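Q: What follows is input31.pdb; its format and atoms are PDB, C-alpha atoms.
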ATOM      1  CA  MET L   1      37.597  45.757 -61.265
ATOM      2  CA  LYS L   2      41.241  46.313 -60.385
ATOM      3  CA  ARG L   3      43.392  43.270 -61.096
ATOM      4  CA  ARG L   4      45.347  42.032 -58.130
ATOM      5  CA  PRO L   5      49.150  42.015 -58.438
ATOM      6  CA  GLY L   6      50.790  38.923 -59.889
ATOM      7  CA  LEU L   7      54.188  37.313 -59.581
ATOM      8  CA  SER L   8      55.744  39.775 -62.022
ATOM      9  CA  ALA L   9      54.800  42.719 -59.784
ATOM     10  CA  VAL L  10      56.360  40.990 -56.766
ATOM     11  CA  ALA L  11      59.474  40.171 -58.795
ATOM     12  CA  GLU L  12      59.820  43.770 -59.965
ATOM     13  CA  ARG L  13      59.539  45.179 -56.448
ATOM     14  CA  ALA L  14      61.981  42.624 -55.003
ATOM     15  CA  GLY L  15      64.441  43.035 -57.889
ATOM     16  CA  VAL L  16      64.528  39.322 -58.748
ATOM     17  CA  SER L  17      63.160  37.036 -61.467
ATOM     18  CA  VAL L  18      59.577  35.801 -61.680
ATOM     19  CA  SER L  19      60.890  32.236 -61.508
ATOM     20  CA  LEU L  20      62.685  32.933 -58.218
ATOM     21  CA  VAL L  21      59.574  34.562 -56.724
ATOM     22  CA  SER L  22      57.471  31.561 -57.686
ATOM     23  CA  ARG L  23      59.918  29.086 -56.183
ATOM     24  CA  ILE L  24      60.173  31.021 -52.921
ATOM     25  CA  LEU L  25      56.408  31.499 -52.522
ATOM     26  CA  THR L  26      55.651  27.854 -53.340
ATOM     27  CA  GLY L  27      58.254  26.609 -50.890
ATOM     28  CA  ASP L  28      60.483  24.812 -53.413
ATOM     29  CA  ALA L  29      62.600  22.501 -51.217
ATOM     30  CA  ASN L  30      65.384  22.332 -53.831
ATOM     31  CA  LEU L  31      65.883  26.092 -53.980
ATOM     32  CA  ARG L  32      69.186  27.487 -52.680
ATOM     33  CA  VAL L  33      68.879  31.236 -52.059
ATOM     34  CA  ARG L  34      70.256  33.765 -49.576
ATOM     35  CA  GLU L  35      67.982  34.398 -46.611
ATOM     36  CA  GLU L  36      68.135  38.159 -47.274
ATOM     37  CA  THR L  37      66.749  37.556 -50.783
ATOM     38  CA  ARG L  38      64.017  35.287 -49.472
ATOM     39  CA  GLN L  39      62.920  37.899 -46.922
ATOM     40  CA  ARG L  40      62.963  40.647 -49.559
ATOM     41  CA  VAL L  41      60.596  38.615 -51.738
ATOM     42  CA  LEU L  42      58.286  37.877 -48.809
ATOM     43  CA  ARG L  43      58.197  41.574 -47.857
ATOM     44  CA  ALA L  44      57.390  42.566 -51.440
ATOM     45  CA  ALA L  45      54.560  40.025 -51.579
ATOM     46  CA  ALA L  46      53.159  41.339 -48.279
ATOM     47  CA  GLU L  47      53.400  44.987 -49.341
ATOM     48  CA  LEU L  48      51.587  44.277 -52.598
ATOM     49  CA  LYS L  49      49.042  42.070 -50.817
ATOM     50  CA  TYR L  50      49.867  39.274 -53.265
ATOM     51  CA  VAL L  51      47.497  36.341 -52.724
ATOM     52  CA  PRO L  52      48.135  33.016 -54.504
ATOM     53  CA  GLN L  53      45.218  31.151 -55.984
ATOM     54  CA  VAL L  54      45.119  28.356 -53.449
ATOM     55  CA  SER L  55      43.507  25.015 -54.318
ATOM     56  CA  GLY L  56      40.349  24.314 -52.339
ATOM     57  CA  ARG L  57      36.815  23.048 -52.399
ATOM     58  CA  ALA L  58      35.304  26.469 -53.112
ATOM     59  CA  LEU L  59      36.987  27.447 -56.376
ATOM     60  CA  ARG L  60      35.248  30.476 -57.828
ATOM     61  CA  LEU L  61      35.838  30.882 -61.521
ATOM     62  CA  ALA L  62      35.423  34.077 -63.586
ATOM     63  CA  ARG L  63      38.888  35.373 -62.789
ATOM     64  CA  SER L  64      40.775  34.434 -65.936
ATOM     65  CA  GLY L  65      37.944  32.397 -67.418
ATOM     66  CA  ALA L  66      40.399  29.681 -68.495
ATOM     67  CA  ILE L  67      41.450  26.192 -67.437
ATOM     68  CA  GLY L  68      44.895  24.878 -68.393
ATOM     69  CA  LEU L  69      45.592  21.385 -69.735
ATOM     70  CA  VAL L  70      49.190  20.172 -69.794
ATOM     71  CA  VAL L  71      49.927  17.161 -72.004
ATOM     72  CA  GLN L  72      53.140  15.459 -73.078
ATOM     73  CA  ASP L  73      52.268  15.496 -76.791
ATOM     74  CA  VAL L  74      49.259  17.450 -78.099
ATOM     75  CA  SER L  75      49.440  15.591 -81.444
ATOM     76  CA  ASN L  76      48.885  12.162 -79.844
ATOM     77  CA  PRO L  77      45.433  10.870 -80.956
ATOM     78  CA  ILE L  78      44.828   9.397 -77.500
ATOM     79  CA  HIS L  79      45.405  12.780 -75.886
ATOM     80  CA  ALA L  80      43.122  14.357 -78.503
ATOM     81  CA  GLU L  81      40.114  12.590 -76.979
ATOM     82  CA  ILE L  82      41.040  13.776 -73.468
ATOM     83  CA  ILE L  83      41.458  17.302 -74.818
ATOM     84  CA  ARG L  84      38.065  17.169 -76.524
ATOM     85  CA  GLY L  85      36.328  16.049 -73.336
ATOM     86  CA  ALA L  86      37.941  18.815 -71.292
ATOM     87  CA  GLN L  87      37.094  21.339 -73.990
ATOM     88  CA  LEU L  88      33.412  20.361 -73.969
ATOM     89  CA  ALA L  89      33.256  20.685 -70.173
ATOM     90  CA  THR L  90      34.931  24.087 -70.041
ATOM     91  CA  ALA L  91      32.788  25.440 -72.878
ATOM     92  CA  ALA L  92      29.632  24.280 -71.093
ATOM     93  CA  HIS L  93      30.652  26.448 -68.137
ATOM     94  CA  GLY L  94      31.580  29.476 -70.240
ATOM     95  CA  GLN L  95      35.315  28.865 -69.904
ATOM     96  CA  VAL L  96      38.089  28.276 -72.408
ATOM     97  CA  LEU L  97      40.732  25.529 -72.407
ATOM     98  CA  LEU L  98      44.391  26.483 -72.813
ATOM     99  CA  LEU L  99      46.843  23.779 -73.938
ATOM    100  CA  ALA L 100      50.459  23.537 -72.845
ATOM    101  CA  ASP L 101      53.205  21.031 -73.642
ATOM    102  CA  SER L 102      54.766  19.444 -70.540
ATOM    103  CA  THR L 103      58.221  19.149 -72.110
ATOM    104  CA  GLU L 104      58.148  22.819 -73.039
ATOM    105  CA  LEU L 105      57.121  23.860 -69.526
ATOM    106  CA  SER L 106      59.826  21.675 -67.981
ATOM    107  CA  SER L 107      62.523  23.306 -70.116
ATOM    108  CA  ARG L 108      61.242  26.868 -69.689
ATOM    109  CA  PRO L 109      60.604  27.615 -65.998
ATOM    110  CA  GLU L 110      59.672  31.231 -66.741
ATOM    111  CA  ALA L 111      56.800  30.078 -68.954
ATOM    112  CA  PHE L 112      55.593  27.702 -66.255
ATOM    113  CA  ASP L 113      55.743  30.375 -63.553
ATOM    114  CA  ARG L 114      53.801  32.840 -65.675
ATOM    115  CA  LEU L 115      51.174  30.215 -66.474
ATOM    116  CA  ILE L 116      50.409  29.350 -62.863
ATOM    117  CA  GLY L 117      51.313  32.511 -60.996
ATOM    118  CA  GLU L 118      49.718  35.429 -62.804
ATOM    119  CA  GLY L 119      46.058  34.480 -62.918
ATOM    120  CA  ARG L 120      46.178  33.202 -66.495
ATOM    121  CA  VAL L 121      44.330  30.007 -65.575
ATOM    122  CA  ASP L 122      41.927  29.209 -62.747
ATOM    123  CA  GLY L 123      42.897  25.553 -62.527
ATOM    124  CA  LEU L 124      45.163  22.991 -64.124
ATOM    125  CA  LEU L 125      44.704  19.512 -65.603
ATOM    126  CA  TRP L 126      48.014  17.652 -65.895
ATOM    127  CA  GLN L 127      48.263  14.603 -68.139
ATOM    128  CA  SER L 128      51.515  13.408 -66.618
ATOM    129  CA  SER L 129      54.094  11.202 -68.325
ATOM    130  CA  GLY L 130      55.560  10.291 -64.930
ATOM    131  CA  PHE L 131      58.914  12.068 -65.214
ATOM    132  CA  ALA L 132      60.370  13.533 -62.007
ATOM    133  CA  SER L 133      60.518  17.041 -63.491
ATOM    134  CA  GLU L 134      56.789  16.960 -64.211
ATOM    135  CA  GLU L 135      56.024  15.665 -60.736
ATOM    136  CA  GLU L 136      57.877  18.621 -59.227
ATOM    137  CA  LEU L 137      56.076  21.126 -61.465
ATOM    138  CA  SER L 138      52.603  19.718 -60.849
ATOM    139  CA  SER L 139      53.282  19.721 -57.114
ATOM    140  CA  ARG L 140      54.315  23.375 -57.248
ATOM    141  CA  ALA L 141      51.247  24.226 -59.308
ATOM    142  CA  ALA L 142      48.947  22.580 -56.770
ATOM    143  CA  LYS L 143      50.183  24.979 -54.099
ATOM    144  CA  LEU L 144      48.893  27.935 -56.099
ATOM    145  CA  LEU L 145      45.755  26.751 -57.875
ATOM    146  CA  PRO L 146      43.463  23.702 -58.155
ATOM    147  CA  THR L 147      45.400  20.968 -59.958
ATOM    148  CA  ILE L 148      44.493  17.391 -60.877
ATOM    149  CA  LEU L 149      46.552  14.647 -62.522
ATOM    150  CA  VAL L 150      44.762  13.074 -65.479
ATOM    151  CA  ASN L 151      44.820   9.261 -65.591
ATOM    152  CA  ASN L 152      47.096   9.012 -62.586
ATOM    153  CA  ARG L 153      46.796   8.155 -58.948
ATOM    154  CA  PRO L 154      47.566  11.037 -56.565
ATOM    155  CA  ARG L 155      51.286  11.800 -56.562
ATOM    156  CA  ALA L 156      53.412  14.254 -54.583
ATOM    157  CA  GLY L 157      50.348  15.637 -52.824
ATOM    158  CA  VAL L 158      48.413  16.278 -56.054
ATOM    159  CA  GLN L 159      44.970  14.721 -56.531
ATOM    160  CA  GLY L 160      44.385  12.400 -59.497
ATOM    161  CA  ILE L 161      41.612  10.941 -61.624
ATOM    162  CA  ARG L 162      42.210   7.713 -63.521
ATOM    163  CA  LEU L 163      40.623   5.093 -65.751
ATOM    164  CA  ALA L 164      40.073   1.431 -64.947
ATOM    165  CA  ASP L 165      43.354   0.468 -66.628
ATOM    166  CA  GLU L 166      43.826  -2.736 -64.619
ATOM    167  CA  GLU L 167      40.364  -3.952 -65.628
ATOM    168  CA  ALA L 168      40.999  -3.001 -69.258
ATOM    169  CA  ALA L 169      44.271  -4.940 -69.316
ATOM    170  CA  ALA L 170      42.560  -7.942 -67.753
ATOM    171  CA  LEU L 171      39.823  -7.814 -70.410
ATOM    172  CA  ALA L 172      42.423  -7.832 -73.190
ATOM    173  CA  VAL L 173      44.356 -10.753 -71.715
ATOM    174  CA  ARG L 174      41.201 -12.797 -71.050
ATOM    175  CA  HIS L 175      40.284 -12.384 -74.716
ATOM    176  CA  LEU L 176      43.617 -13.900 -75.749
ATOM    177  CA  ILE L 177      43.265 -16.736 -73.240
ATOM    178  CA  GLU L 178      39.737 -17.525 -74.435
ATOM    179  CA  LEU L 179      41.107 -17.803 -77.970
ATOM    180  CA  GLY L 180      43.464 -20.505 -76.683
ATOM    181  CA  HIS L 181      46.702 -18.566 -76.182
ATOM    182  CA  ARG L 182      48.969 -19.615 -73.324
ATOM    183  CA  ASP L 183      52.242 -17.960 -74.369
ATOM    184  CA  ILE L 184      51.447 -14.251 -74.014
ATOM    185  CA  GLY L 185      53.882 -11.344 -73.940
ATOM    186  CA  PHE L 186      53.596  -7.761 -72.735
ATOM    187  CA  VAL L 187      54.781  -4.520 -74.346
ATOM    188  CA  GLY L 188      54.394  -1.408 -72.196
ATOM    189  CA  GLY L 189      55.380   2.231 -72.163
ATOM    190  CA  SER L 190      57.817   3.697 -69.687
ATOM    191  CA  GLY L 191      57.980   1.378 -66.700
ATOM    192  CA  ALA L 192      58.144   4.342 -64.312
ATOM    193  CA  THR L 193      54.705   5.697 -65.203
ATOM    194  CA  ASP L 194      51.593   4.987 -63.168
ATOM    195  CA  ILE L 195      49.550   3.900 -66.194
ATOM    196  CA  SER L 196      52.210   1.420 -67.331
ATOM    197  CA  ILE L 197      52.436  -0.030 -63.821
ATOM    198  CA  ARG L 198      48.652  -0.378 -63.536
ATOM    199  CA  ARG L 199      48.302  -2.029 -66.943
ATOM    200  CA  PHE L 200      51.109  -4.457 -66.167
ATOM    201  CA  GLU L 201      49.424  -5.286 -62.844
ATOM    202  CA  GLY L 202      46.197  -6.113 -64.696
ATOM    203  CA  PHE L 203      48.135  -8.268 -67.156
ATOM    204  CA  THR L 204      50.056 -10.062 -64.399
ATOM    205  CA  ARG L 205      47.049 -10.789 -62.186
ATOM    206  CA  THR L 206      45.059 -12.211 -65.084
ATOM    207  CA  MET L 207      47.893 -14.422 -66.265
ATOM    208  CA  ARG L 208      48.454 -15.819 -62.779
ATOM    209  CA  ALA L 209      44.722 -16.308 -62.215
ATOM    210  CA  HIS L 210      44.844 -18.693 -65.196
ATOM    211  CA  ASP L 211      48.080 -20.370 -64.010
ATOM    212  CA  LEU L 212      50.046 -18.877 -66.885
ATOM    213  CA  PRO L 213      53.645 -17.666 -66.485
ATOM    214  CA  VAL L 214      54.716 -14.045 -66.895
ATOM    215  CA  ARG L 215      58.039 -14.491 -68.646
ATOM    216  CA  PRO L 216      60.684 -11.744 -68.209
ATOM    217  CA  GLU L 217      61.984 -12.317 -71.741
ATOM    218  CA  TRP L 218      58.485 -11.585 -73.080
ATOM    219  CA  THR L 219      58.049  -8.418 -71.020
ATOM    220  CA  VAL L 220      59.391  -5.195 -72.558
ATOM    221  CA  PHE L 221      58.957  -1.587 -71.392
ATOM    222  CA  LYS L 222      59.958   1.269 -73.691
ATOM    223  CA  GLU L 223      58.200   4.606 -74.308
ATOM    224  CA  TRP L 224      54.748   5.675 -75.536
ATOM    225  CA  ASP L 225      55.226   6.129 -79.288
ATOM    226  CA  ALA L 226      55.188   3.915 -82.376
ATOM    227  CA  ALA L 227      58.983   3.898 -82.689
ATOM    228  CA  ALA L 228      59.235   2.538 -79.149
ATOM    229  CA  GLY L 229      56.649  -0.125 -79.987
ATOM    230  CA  HIS L 230      58.705  -1.183 -83.005
ATOM    231  CA  ALA L 231      61.862  -1.424 -80.882
ATOM    232  CA  ALA L 232      60.067  -3.322 -78.113
ATOM    233  CA  MET L 233      58.546  -5.889 -80.466
ATOM    234  CA  SER L 234      61.869  -6.366 -82.268
ATOM    235  CA  GLU L 235      63.502  -7.066 -78.911
ATOM    236  CA  LEU L 236      60.768  -9.468 -77.852
ATOM    237  CA  LEU L 237      60.908 -11.402 -81.127
ATOM    238  CA  ALA L 238      64.700 -11.780 -80.867
ATOM    239  CA  VAL L 239      64.429 -14.340 -78.048
ATOM    240  CA  PRO L 240      64.773 -18.037 -79.011
ATOM    241  CA  LYS L 241      61.118 -18.842 -78.351
ATOM    242  CA  ARG L 242      58.509 -16.194 -79.115
ATOM    243  CA  PRO L 243      54.975 -15.852 -77.695
ATOM    244  CA  THR L 244      51.876 -16.538 -79.761
ATOM    245  CA  ALA L 245      50.172 -13.331 -78.596
ATOM    246  CA  VAL L 246      51.164  -9.953 -77.168
ATOM    247  CA  PHE L 247      49.194  -7.443 -75.134
ATOM    248  CA  VAL L 248      50.356  -3.885 -75.934
ATOM    249  CA  ALA L 249      49.594  -1.228 -73.338
ATOM    250  CA  ASN L 250      48.811   1.546 -75.830
ATOM    251  CA  VAL L 251      47.389   1.500 -79.365
ATOM    252  CA  VAL L 252      49.957   4.006 -80.701
ATOM    253  CA  VAL L 253      52.739   1.748 -79.408
ATOM    254  CA  CYS L 254      50.938  -1.184 -81.030
ATOM    255  CA  VAL L 255      51.201   0.399 -84.486
ATOM    256  CA  GLY L 256      54.973   0.158 -84.221
ATOM    257  CA  ALA L 257      54.764  -3.340 -82.745
ATOM    258  CA  LEU L 258      52.608  -4.496 -85.668
ATOM    259  CA  ALA L 259      55.097  -3.085 -88.174
ATOM    260  CA  ALA L 260      57.984  -4.896 -86.448
ATOM    261  CA  ALA L 261      56.092  -8.197 -86.464
ATOM    262  CA  ARG L 262      55.437  -7.941 -90.181
ATOM    263  CA  GLU L 263      59.056  -6.955 -90.885
ATOM    264  CA  ASN L 264      60.115 -10.113 -89.046
ATOM    265  CA  GLY L 265      58.015 -12.181 -91.450
ATOM    266  CA  LEU L 266      55.136 -12.903 -89.032
ATOM    267  CA  ALA L 267      51.534 -12.979 -90.128
ATOM    268  CA  VAL L 268      49.094 -11.218 -87.794
ATOM    269  CA  PRO L 269      47.078 -12.981 -86.470
ATOM    270  CA  GLY L 270      48.266 -16.221 -88.134
ATOM    271  CA  ASP L 271      51.618 -16.291 -86.334
ATOM    272  CA  LEU L 272      51.075 -13.635 -83.676
ATOM    273  CA  SER L 273      47.940 -12.065 -82.178
ATOM    274  CA  LEU L 274      47.996  -8.444 -81.001
ATOM    275  CA  VAL L 275      45.584  -6.580 -78.737
ATOM    276  CA  ALA L 276      46.048  -3.020 -77.448
ATOM    277  CA  LEU L 277      44.511  -0.522 -75.049
ATOM    278  CA  HIS L 278      42.565   2.462 -76.426
ATOM    279  CA  ASP L 279      40.574   2.755 -79.591
ATOM    280  CA  THR L 280      41.016   5.610 -82.044
ATOM    281  CA  TRP L 281      40.169   6.520 -85.611
ATOM    282  CA  PHE L 282      43.098   4.853 -87.396
ATOM    283  CA  VAL L 283      42.879   1.334 -85.913
ATOM    284  CA  GLU L 284      40.219   0.167 -88.369
ATOM    285  CA  HIS L 285      42.478   1.054 -91.291
ATOM    286  CA  GLY L 286      45.499  -1.006 -90.283
ATOM    287  CA  ALA L 287      46.699  -4.163 -91.974
ATOM    288  CA  PRO L 288      45.133  -5.914 -90.173
ATOM    289  CA  PRO L 289      42.723  -3.715 -88.160
ATOM    290  CA  LEU L 290      43.672  -3.866 -84.485
ATOM    291  CA  THR L 291      41.689  -5.490 -81.699
ATOM    292  CA  THR L 292      41.495  -2.971 -78.866
ATOM    293  CA  VAL L 293      39.973  -2.259 -75.474
ATOM    294  CA  ARG L 294      38.092   1.020 -75.582
ATOM    295  CA  LEU L 295      38.387   3.293 -72.533
ATOM    296  CA  PRO L 296      36.315   6.476 -71.957
ATOM    297  CA  LEU L 297      39.021   9.024 -72.733
ATOM    298  CA  ARG L 298      36.590  11.821 -73.565
ATOM    299  CA  ASP L 299      34.714  11.227 -70.308
ATOM    300  CA  LEU L 300      38.042  11.329 -68.482
ATOM    301  CA  GLY L 301      38.854  14.778 -69.830
ATOM    302  CA  ARG L 302      35.336  16.031 -69.173
ATOM    303  CA  GLN L 303      35.172  14.807 -65.585
ATOM    304  CA  ALA L 304      38.668  16.066 -64.769
ATOM    305  CA  ALA L 305      37.680  19.537 -65.968
ATOM    306  CA  GLU L 306      34.401  19.423 -64.056
ATOM    307  CA  LEU L 307      36.231  18.531 -60.834
ATOM    308  CA  ILE L 308      38.455  21.571 -61.295
ATOM    309  CA  ILE L 309      35.509  23.834 -62.121
ATOM    310  CA  ALA L 310      33.608  22.614 -59.062
ATOM    311  CA  GLY L 311      36.704  23.025 -56.887
ATOM    312  CA  ASP L 312      35.924  19.622 -55.377
ATOM    313  CA  LEU L 313      39.276  17.881 -55.080
ATOM    314  CA  GLY L 314      38.856  16.383 -51.624
ATOM    315  CA  GLY L 315      38.132  12.840 -52.740
ATOM    316  CA  PRO L 316      39.417   9.576 -51.298
ATOM    317  CA  ASP L 317      43.119   9.047 -50.645
ATOM    318  CA  ASP L 318      43.411   6.843 -53.734
ATOM    319  CA  GLY L 319      41.976   9.546 -56.005
ATOM    320  CA  PHE L 320      38.993   9.459 -58.339
ATOM    321  CA  LEU L 321      38.407   6.260 -60.314
ATOM    322  CA  LEU L 322      36.293   6.550 -63.477
ATOM    323  CA  THR L 323      34.533   3.215 -64.005
ATOM    324  CA  GLU L 324      31.567   4.252 -66.168
ATOM    325  CA  PRO L 325      31.308   3.473 -68.970
ATOM    326  CA  PRO L 326      33.368   0.314 -68.370
ATOM    327  CA  PRO L 327      36.189  -0.848 -70.678
ATOM    328  CA  GLU L 328      34.857  -2.378 -73.891
ATOM    329  CA  LEU L 329      36.566  -5.056 -75.981
ATOM    330  CA  VAL L 330      36.459  -4.265 -79.712
ATOM    331  CA  VAL L 331      37.412  -7.419 -81.615
ATOM    332  CA  ARG L 332      38.960  -6.927 -85.045
ATOM    333  CA  ALA L 333      41.284  -8.939 -87.276
ATOM    334  CA  SER L 334      44.553  -8.733 -85.289
ATOM    335  CA  THR L 335      43.586 -11.529 -82.866
ATOM    336  CA  GLY L 336      42.838 -15.144 -83.627
ATOM    337  CA  ARG L 337      43.442 -18.667 -82.382
ATOM    338  CA  PRO L 338      47.086 -19.755 -81.964
TER     339      PRO L 338
END
As structure tokens, please, write out the structure in this file.
A:
Amino acid sequence: MKRRPGLSAVAERAGVSVSLVSRILTGDANLRVREETRQRVLRAAAELKYVPQVSGRALRLARSGAIGLVVQDVSNPIHAEIIRGAQLATAAHGQVLLLADSTELSSRPEAFDRLIGEGRVDGLLWQSSGFASEEELSSRAAKLLPTILVNNRPRAGVQGIRLADEEAAALAVRHLIELGHRDIGFVGGSGATDISIRRFEGFTRTMRAHDLPVRPEWTVFKEWDAAAGHAAMSELLAVPKRPTAVFVANVVVCVGALAAARENGLAVPGDLSLVALHDTWFVEHGAPPLTTVRLPLRDLGRQAAELIIAGDLGGPDDGFLLTEPPPELVVRASTGRP
């Protein structure tokens, strides 16, 4: 079967770059280009009968046979579970999963345009970090092919599927309260991201439901890696009065937070209890092993891929919420009575 022309063919006929063709055809509002150039690209697309792969309910695979998954850091063990779930789903449907790094795509627009505009993937899963550049790219992608944000609410017109992060945060905080803690701090990732906002909302609502204060000096937002967790905990422990327990919004961040607590001479859980979201292979081998709330990351990746494969991205305005299996508290040695 003859392959239909892609962006590169349109770019060649119009005498412009693939990136410029993509931005014109996807209606990039930030693009500044001469009207004559815009019309030349549109004429070239019409002459070649270029047809973008538009997102819709009736996605028919077997064009490229591949689904793309964009993640911020492919080495992150939390992302590894999402990747595995998506991989299982695509394999079950005779497809392959292609991985891409979001930072790389943001810095190389040509690579992004070739990924979405030349039939290399039939749909896109985007595990967004919440940066504005990623929001723009995922929005452009959604105009050309089925796209879904992974563990995010819908943003910029792109559908999303998310976990019960608020409920998971509440479960973690209730565990600390039931142990007798009243002075509880919060360490989160980037405050601009949807997942950090949702986890902080769960923390805040639970604290207030038990008439406990949410203290600004015990609330620190950094990034999503262990180094950021170390910096956040060091900052939190520098205040005159420290909390007796801290909820950390990500287990990778919590590894750094635990190291900072120990470097400050605190025994965990004797002086400070720690509980984190997500459960992965290394938490049982810490000193001490970390108490966590397990969320269905593999199911998240699988269901996101299945939504793309089915082409069923209509959904409610608030996106798809994955509530089964529910968050599960896994109690280990990092939490105890104050």
Q: With all atoms listed in the file counted and 12 Å as the cut-off, give the residues of region 73-160 of chain L in contact with region 267-279 of chain L, each with its shortest interatomic distance in Å and the pair that gives it, as a Markdown table.
A:
| residue | atom | partner | partner_atom | distance |
| --- | --- | --- | --- | --- |
| L:Pro77 | CA | L:Asp279 | CA | 9.6 |
| L:Ile78 | CA | L:His278 | CA | 7.4 |
| L:His79 | CA | L:His278 | CA | 10.7 |
| L:Ala80 | CA | L:Asp279 | CA | 11.9 |
| L:Glu81 | CA | L:Asp279 | CA | 10.2 |
| L:Ile82 | CA | L:His278 | CA | 11.8 |
Q: Taking the file as shown, find all residues satisfying the PyMOL selection byres ((chain L and resi 177) around 12) and write them as an mmCIF file with C-alpha atoms, keeping the file's coordinate frame.
A:
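Resulting contents of selection.cif:
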data_model
loop_
_atom_site.group_PDB
_atom_site.id
_atom_site.type_symbol
_atom_site.label_atom_id
_atom_site.label_comp_id
_atom_site.auth_asym_id
_atom_site.auth_seq_id
_atom_site.Cartn_x
_atom_site.Cartn_y
_atom_site.Cartn_z
ATOM 1 C CA ALA L 170 42.560 -7.942 -67.753
ATOM 2 C CA LEU L 171 39.823 -7.814 -70.410
ATOM 3 C CA ALA L 172 42.423 -7.832 -73.190
ATOM 4 C CA VAL L 173 44.356 -10.753 -71.715
ATOM 5 C CA ARG L 174 41.201 -12.797 -71.050
ATOM 6 C CA HIS L 175 40.284 -12.384 -74.716
ATOM 7 C CA LEU L 176 43.617 -13.900 -75.749
ATOM 8 C CA GLU L 178 39.737 -17.525 -74.435
ATOM 9 C CA LEU L 179 41.107 -17.803 -77.970
ATOM 10 C CA GLY L 180 43.464 -20.505 -76.683
ATOM 11 C CA HIS L 181 46.702 -18.566 -76.182
ATOM 12 C CA ARG L 182 48.969 -19.615 -73.324
ATOM 13 C CA ASP L 183 52.242 -17.960 -74.369
ATOM 14 C CA ILE L 184 51.447 -14.251 -74.014
ATOM 15 C CA GLY L 185 53.882 -11.344 -73.940
ATOM 16 C CA PHE L 203 48.135 -8.268 -67.156
ATOM 17 C CA THR L 206 45.059 -12.211 -65.084
ATOM 18 C CA MET L 207 47.893 -14.422 -66.265
ATOM 19 C CA ARG L 208 48.454 -15.819 -62.779
ATOM 20 C CA ALA L 209 44.722 -16.308 -62.215
ATOM 21 C CA HIS L 210 44.844 -18.693 -65.196
ATOM 22 C CA ASP L 211 48.080 -20.370 -64.010
ATOM 23 C CA LEU L 212 50.046 -18.877 -66.885
ATOM 24 C CA THR L 244 51.876 -16.538 -79.761
ATOM 25 C CA ALA L 245 50.172 -13.331 -78.596
ATOM 26 C CA VAL L 246 51.164 -9.953 -77.168
ATOM 27 C CA PHE L 247 49.194 -7.443 -75.134
ATOM 28 C CA SER L 273 47.940 -12.065 -82.178
ATOM 29 C CA VAL L 275 45.584 -6.580 -78.737
ATOM 30 C CA THR L 335 43.586 -11.529 -82.866
ATOM 31 C CA GLY L 336 42.838 -15.144 -83.627
ATOM 32 C CA ARG L 337 43.442 -18.667 -82.382
ATOM 33 C CA PRO L 338 47.086 -19.755 -81.964
#
Q: Nearest to Pro296 (chain L) among L:Gly189, L:Pro240, L:Gly85, L:Gly65, with distances taken over all atoms listed in the file: which residue is it?
A: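 Of L:Gly189, L:Pro240, L:Gly85, L:Gly65, the one nearest Pro296 (chain L) is L:Gly85, counting all atoms listed in the file.
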Q: Using the chain letters and numbering of this document, enumerate as a list in words the residues selected by the PyMOL selection byres ((chain L and resi 283-291) around 6).
A: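 Written out, the selection comes to Val275, Trp281, Phe282, Thr292, Val330, Val331, Arg332, Ala333 and Ser334 of chain L.
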Q: What separation in Å, quoted to one decimal, exists between CA of Trp218 (chain L) and CA of Thr204 (chain L)?
A: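 Separation between CA of Trp218 (chain L) and CA of Thr204 (chain L): 12.2 Å.
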Q: Could you give me, as a VMD selection string, the residues within 7 Å of Val253 (chain L), counting only C-alpha atoms and dropping anything in the same chain fewer than 2 positions from it?
A: chain L and resid 224 to 226 228 to 229 250 to 251 255 to 257
Q: Go through L:Ala261, L:Glu136, L:Arg153, L:Leu144 and flag the residue nearest Glu118 (chain L), using only C-alpha atoms for the distances.
A: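 Ranked by minimum distance to Glu118 (chain L), first place goes to L:Leu144.
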Q: Can you fill out region 250-257 of chain L with N, CA and C atoms and hand it back as a short mmCIF file (atom, residue, chain, number, x, y, z; two decimals), keeping the file's coordinate frame?
A:
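result-v2.cif, written as the output of this step:
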data_model
loop_
_atom_site.label_atom_id
_atom_site.label_comp_id
_atom_site.auth_asym_id
_atom_site.auth_seq_id
_atom_site.Cartn_x
_atom_site.Cartn_y
_atom_site.Cartn_z
N ASN L 250 49.23 0.29 -75.22
CA ASN L 250 48.81 1.55 -75.83
C ASN L 250 48.70 1.31 -77.34
N VAL L 251 47.62 1.80 -77.96
CA VAL L 251 47.39 1.50 -79.36
C VAL L 251 48.40 2.19 -80.28
N VAL L 252 48.93 3.36 -79.90
CA VAL L 252 49.96 4.01 -80.70
C VAL L 252 51.23 3.17 -80.69
N VAL L 253 51.59 2.64 -79.52
CA VAL L 253 52.74 1.75 -79.41
C VAL L 253 52.51 0.50 -80.26
N CYS L 254 51.26 0.05 -80.30
CA CYS L 254 50.94 -1.18 -81.03
C CYS L 254 51.12 -1.03 -82.54
N VAL L 255 50.97 0.17 -83.06
CA VAL L 255 51.20 0.40 -84.49
C VAL L 255 52.65 0.06 -84.84
N GLY L 256 53.57 0.50 -83.99
CA GLY L 256 54.97 0.16 -84.22
C GLY L 256 55.25 -1.31 -84.01
N ALA L 257 54.59 -1.91 -83.01
CA ALA L 257 54.76 -3.34 -82.74
C ALA L 257 54.27 -4.18 -83.92
#
